[in-house]
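Here the structure comes first, spelled out in structure tokens, and everything after it is commentary.
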Amino acid sequence: QVQLVESGGGLVQAGGSLRLSCVMSPTSTRAFSQSSMAWFRQAPGKERELVAAISWNAISTYYADSVKGRFTISKDNAANAVYLQMNSLKPEDTAVYYCNGAGTYSPQNYYSSPYWGPGTQVTVSS
């Protein structure tokens with residue numbers, strides 16, 4: 001059974017930065033290296049939305065318009081980890097952020113798999 005665990009959330013002032021991490025286990029480095037990964041978020045009263053995704057070979061990335069230029073997704077196959085660097089944070093970025101692994105990636109979208117982490121809370125104060 002694949003497990004994903006997120007970390008790195010917290011409380012930050014507007015304009016600040018956070019780096020989220022997500023580790024997939026148990027999985028081999030080879031299996032992870034062949035997995036596309038993504039970050040979603042869900043704010044109170046809203047639907048879960050795709051924030052960023054990365055192709056299995058890390059050559060291609062996708063970002064929601066609301067985070068383009070501020071967030072960066074990256075993948076470390078040796079660590080079985082995916083990261084989300086979030087800069088210039090805004091109060092509207094406040095949400096629970098979820099990692100999804102081994103979904104289907106395309107340059108215009110990412111189709112999630114059944115593998116989700118429990119989420120990490122990000123709160124941005126104004």
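Each chain in the structure tokens gets a letter, A, B and so on, in the order shown; residues start at 1 in every chain, and ligands are counted from 1 in the order they appear.
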Given only C-alpha atoms, how would the per-residue table for range 1-73 of chain A near range 81-86 of chain A read, listing every residue at most 10 Å away with its closest atom pair and distance in Å to one decimal, sorted by chain and number, as a Markdown table?
| residue | atom | partner | partner_atom | distance |
| --- | --- | --- | --- | --- |
| A:Leu4 | CA | A:Ala81 | CA | 9.3 |
| A:Val5 | CA | A:Ala81 | CA | 9.6 |
| A:Glu6 | CA | A:Tyr83 | CA | 9.3 |
| A:Ser7 | CA | A:Tyr83 | CA | 9.6 |
| A:Gly8 | CA | A:Leu84 | CA | 9.4 |
| A:Gly15 | CA | A:Met86 | CA | 9.9 |
| A:Gly16 | CA | A:Met86 | CA | 8.3 |
| A:Ser17 | CA | A:Met86 | CA | 5.4 |
| A:Leu18 | CA | A:Met86 | CA | 5.2 |
| A:Arg19 | CA | A:Gln85 | CA | 4.4 |
| A:Leu20 | CA | A:Leu84 | CA | 5.0 |
| A:Ser21 | CA | A:Tyr83 | CA | 4.6 |
| A:Cys22 | CA | A:Val82 | CA | 5.3 |
| A:Val23 | CA | A:Ala81 | CA | 4.4 |
| A:Met24 | CA | A:Ala81 | CA | 6.3 |
| A:Ser25 | CA | A:Ala81 | CA | 9.4 |
| A:Thr29 | CA | A:Ala81 | CA | 9.8 |
| A:Phe32 | CA | A:Ala81 | CA | 8.4 |
| A:Ser33 | CA | A:Ala81 | CA | 9.7 |
| A:Ser36 | CA | A:Val82 | CA | 9.6 |
| A:Met37 | CA | A:Val82 | CA | 7.1 |
| A:Ala38 | CA | A:Val82 | CA | 8.1 |
| A:Trp39 | CA | A:Leu84 | CA | 7.6 |
| A:Val51 | CA | A:Leu84 | CA | 9.6 |
| A:Ala52 | CA | A:Leu84 | CA | 8.1 |
| A:Ala53 | CA | A:Leu84 | CA | 9.6 |
| A:Ile54 | CA | A:Val82 | CA | 8.9 |
| A:Val67 | CA | A:Met86 | CA | 8.6 |
| A:Gly69 | CA | A:Met86 | CA | 9.6 |
| A:Arg70 | CA | A:Met86 | CA | 6.1 |
| A:Phe71 | CA | A:Met86 | CA | 4.5 |
| A:Thr72 | CA | A:Gln85 | CA | 5.0 |
| A:Ile73 | CA | A:Leu84 | CA | 4.6 |
Which neighbours of Ala14 in chain A fall inside 12 Å, counting only C-alpha atoms, when residues of the same chain fewer than 6 positions from it are skipped, and could you give them as a PyMOL selection string? chain A and resi 86-94+122-126
Take the residues from that selection and put them in a file with N, CA, C and O atoms, as an mmCIF file, in the first residue's frame.
data_model
loop_
_atom_site.group_PDB
_atom_site.id
_atom_site.type_symbol
_atom_site.label_atom_id
_atom_site.label_comp_id
_atom_site.auth_asym_id
_atom_site.auth_seq_id
_atom_site.Cartn_x
_atom_site.Cartn_y
_atom_site.Cartn_z
ATOM 1 N N MET A 86 6.913 27.634 -2.104
ATOM 2 C CA MET A 86 5.870 28.647 -2.223
ATOM 3 C C MET A 86 6.427 29.990 -1.773
ATOM 4 O O MET A 86 6.793 30.147 -0.603
ATOM 5 N N ASN A 87 6.500 30.922 -2.685
ATOM 6 C CA ASN A 87 7.003 32.265 -2.410
ATOM 7 C C ASN A 87 5.899 33.292 -2.592
ATOM 8 O O ASN A 87 4.869 33.011 -3.207
ATOM 9 N N SER A 88 6.124 34.473 -2.055
ATOM 10 C CA SER A 88 5.160 35.568 -2.188
ATOM 11 C C SER A 88 3.754 35.099 -1.827
ATOM 12 O O SER A 88 2.783 35.352 -2.560
ATOM 13 N N LEU A 89 3.648 34.440 -0.714
ATOM 14 C CA LEU A 89 2.369 33.870 -0.315
ATOM 15 C C LEU A 89 1.326 34.944 -0.045
ATOM 16 O O LEU A 89 1.644 36.042 0.432
ATOM 17 N N LYS A 90 0.085 34.614 -0.365
ATOM 18 C CA LYS A 90 -1.049 35.521 -0.202
ATOM 19 C C LYS A 90 -2.065 34.867 0.739
ATOM 20 O O LYS A 90 -2.113 33.636 0.851
ATOM 21 N N PRO A 91 -2.905 35.662 1.388
ATOM 22 C CA PRO A 91 -3.940 35.077 2.253
ATOM 23 C C PRO A 91 -4.818 34.064 1.516
ATOM 24 O O PRO A 91 -5.271 33.080 2.123
ATOM 25 N N GLU A 92 -5.037 34.274 0.241
ATOM 26 C CA GLU A 92 -5.873 33.342 -0.526
ATOM 27 C C GLU A 92 -5.185 32.008 -0.795
ATOM 28 O O GLU A 92 -5.813 31.085 -1.322
ATOM 29 N N ASP A 93 -3.927 31.884 -0.454
ATOM 30 C CA ASP A 93 -3.247 30.593 -0.547
ATOM 31 C C ASP A 93 -3.537 29.710 0.672
ATOM 32 O O ASP A 93 -3.127 28.549 0.704
ATOM 33 N N THR A 94 -4.207 30.253 1.659
ATOM 34 C CA THR A 94 -4.539 29.486 2.861
ATOM 35 C C THR A 94 -5.418 28.295 2.512
ATOM 36 O O THR A 94 -6.465 28.451 1.879
ATOM 37 N N VAL A 122 -1.620 25.128 5.538
ATOM 38 C CA VAL A 122 -0.882 26.357 5.265
ATOM 39 C C VAL A 122 -1.815 27.524 5.547
ATOM 40 O O VAL A 122 -2.916 27.591 5.003
ATOM 41 N N THR A 123 -1.384 28.415 6.432
ATOM 42 C CA THR A 123 -2.176 29.585 6.784
ATOM 43 C C THR A 123 -1.338 30.829 6.535
ATOM 44 O O THR A 123 -0.231 30.941 7.071
ATOM 45 N N VAL A 124 -1.879 31.731 5.727
ATOM 46 C CA VAL A 124 -1.180 32.964 5.394
ATOM 47 C C VAL A 124 -1.960 34.133 5.985
ATOM 48 O O VAL A 124 -3.128 34.354 5.636
ATOM 49 N N SER A 125 -1.331 34.850 6.881
ATOM 50 C CA SER A 125 -1.996 35.975 7.541
ATOM 51 C C SER A 125 -1.722 37.267 6.779
ATOM 52 O O SER A 125 -0.656 37.439 6.186
ATOM 53 N N SER A 126 -2.689 38.165 6.833
ATOM 54 C CA SER A 126 -2.541 39.439 6.105
ATOM 55 C C SER A 126 -1.907 40.504 6.980
ATOM 56 O O SER A 126 -1.712 40.333 8.159
#
Would you return as a PyMOL selection string the members of chain A that DSSP assigns to strand (DSSP E or B) on this structure's backbone? chain A and resi 3-7+10-13+18-25+36-42+49-54+61-63+71-76+81-86+95-106+109-111+116+120-125
From range 59-95 of chain A, collect each residue whose DSSP state is helix (DSSP H, G or I) and return the set as a list in words.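 So the helix (DSSP H, G or I) residues in range 59-95 of chain A would be Asn77, Ala78, Ala79, Pro91, Glu92 and Asp93 of chain A.
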Prev. selection, C-alpha atoms, output as a compact mmCIF listing (two decimals), in the first residue's frame:
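Produced file part.txt, reproduced below:
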# COMPACT_ATOMS: atom_id res chain seq x y z
CA ASN A 77 14.00 10.59 -7.06
CA ALA A 78 16.79 9.60 -4.66
CA ALA A 79 14.65 10.71 -1.73
CA PRO A 91 -3.94 35.08 2.25
CA GLU A 92 -5.87 33.34 -0.53
CA ASP A 93 -3.25 30.59 -0.55
Write out as a list in words each polymer residue whose atoms come within 6 Å of Thr120 in chain A, counting only C-alpha atoms; drop sequence neighbours fewer than 3 positions from it. Gly9, Val96 and Tyr97 of chain A
Using only C-alpha atoms for the distances, tell me which of A:Gly101, A:Pro26, A:Gly45, A:Gly10 is nearest to Gly117 in chain A.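 Between A:Gly101, A:Pro26, A:Gly45, A:Gly10, the residue approaching Gly117 in chain A most closely is A:Gly101.
CA of Ala102 in chain A is positioned 17.1 Å from CA of Glu49 in chain A.
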Give me, please, the distance in Å between CA of Gln3 in chain A and CA of Pro114 in chain A, quoted to one decimal.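 One can read the CA of Gln3 in chain A to CA of Pro114 in chain A distance as 10.4 Å.
Once Gln42 in chain A and its same-chain neighbours fewer than 3 positions away are set aside, Glu47, Arg48, Ala95 and Val96 of chain A remain within 6 Å of it when counting only C-alpha atoms.
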Residues from the last selection, all heavy atoms, saved as a compact mmCIF listing (two decimals), in the first residue's frame:
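Output below, filename out_39.txt:
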# COMPACT_ATOMS: atom_id res chain seq x y z
N GLU A 47 -13.86 23.40 -3.25
CA GLU A 47 -13.46 22.10 -3.75
C GLU A 47 -11.93 22.01 -3.80
O GLU A 47 -11.24 23.01 -3.88
CB GLU A 47 -14.04 21.87 -5.15
CG GLU A 47 -15.55 21.74 -5.17
CD GLU A 47 -16.07 21.35 -6.54
OE1 GLU A 47 -15.27 21.30 -7.50
OE2 GLU A 47 -17.27 21.09 -6.66
N ARG A 48 -11.46 20.77 -3.76
CA ARG A 48 -10.02 20.54 -3.90
C ARG A 48 -9.61 20.94 -5.31
O ARG A 48 -10.28 20.60 -6.29
CB ARG A 48 -9.69 19.09 -3.62
CG ARG A 48 -8.21 18.78 -3.50
CD ARG A 48 -7.98 17.36 -3.03
NE ARG A 48 -8.52 17.12 -1.70
CZ ARG A 48 -8.29 16.04 -0.99
NH1 ARG A 48 -7.51 15.08 -1.48
NH2 ARG A 48 -8.84 15.88 0.20
N ALA A 95 -4.96 27.10 2.89
CA ALA A 95 -5.67 25.87 2.56
C ALA A 95 -4.93 24.69 3.18
O ALA A 95 -3.81 24.85 3.68
CB ALA A 95 -5.75 25.69 1.04
N VAL A 96 -5.56 23.53 3.11
CA VAL A 96 -4.85 22.29 3.38
C VAL A 96 -4.27 21.82 2.05
O VAL A 96 -4.99 21.73 1.04
CB VAL A 96 -5.78 21.22 3.96
CG1 VAL A 96 -5.01 19.91 4.17
CG2 VAL A 96 -6.39 21.70 5.27
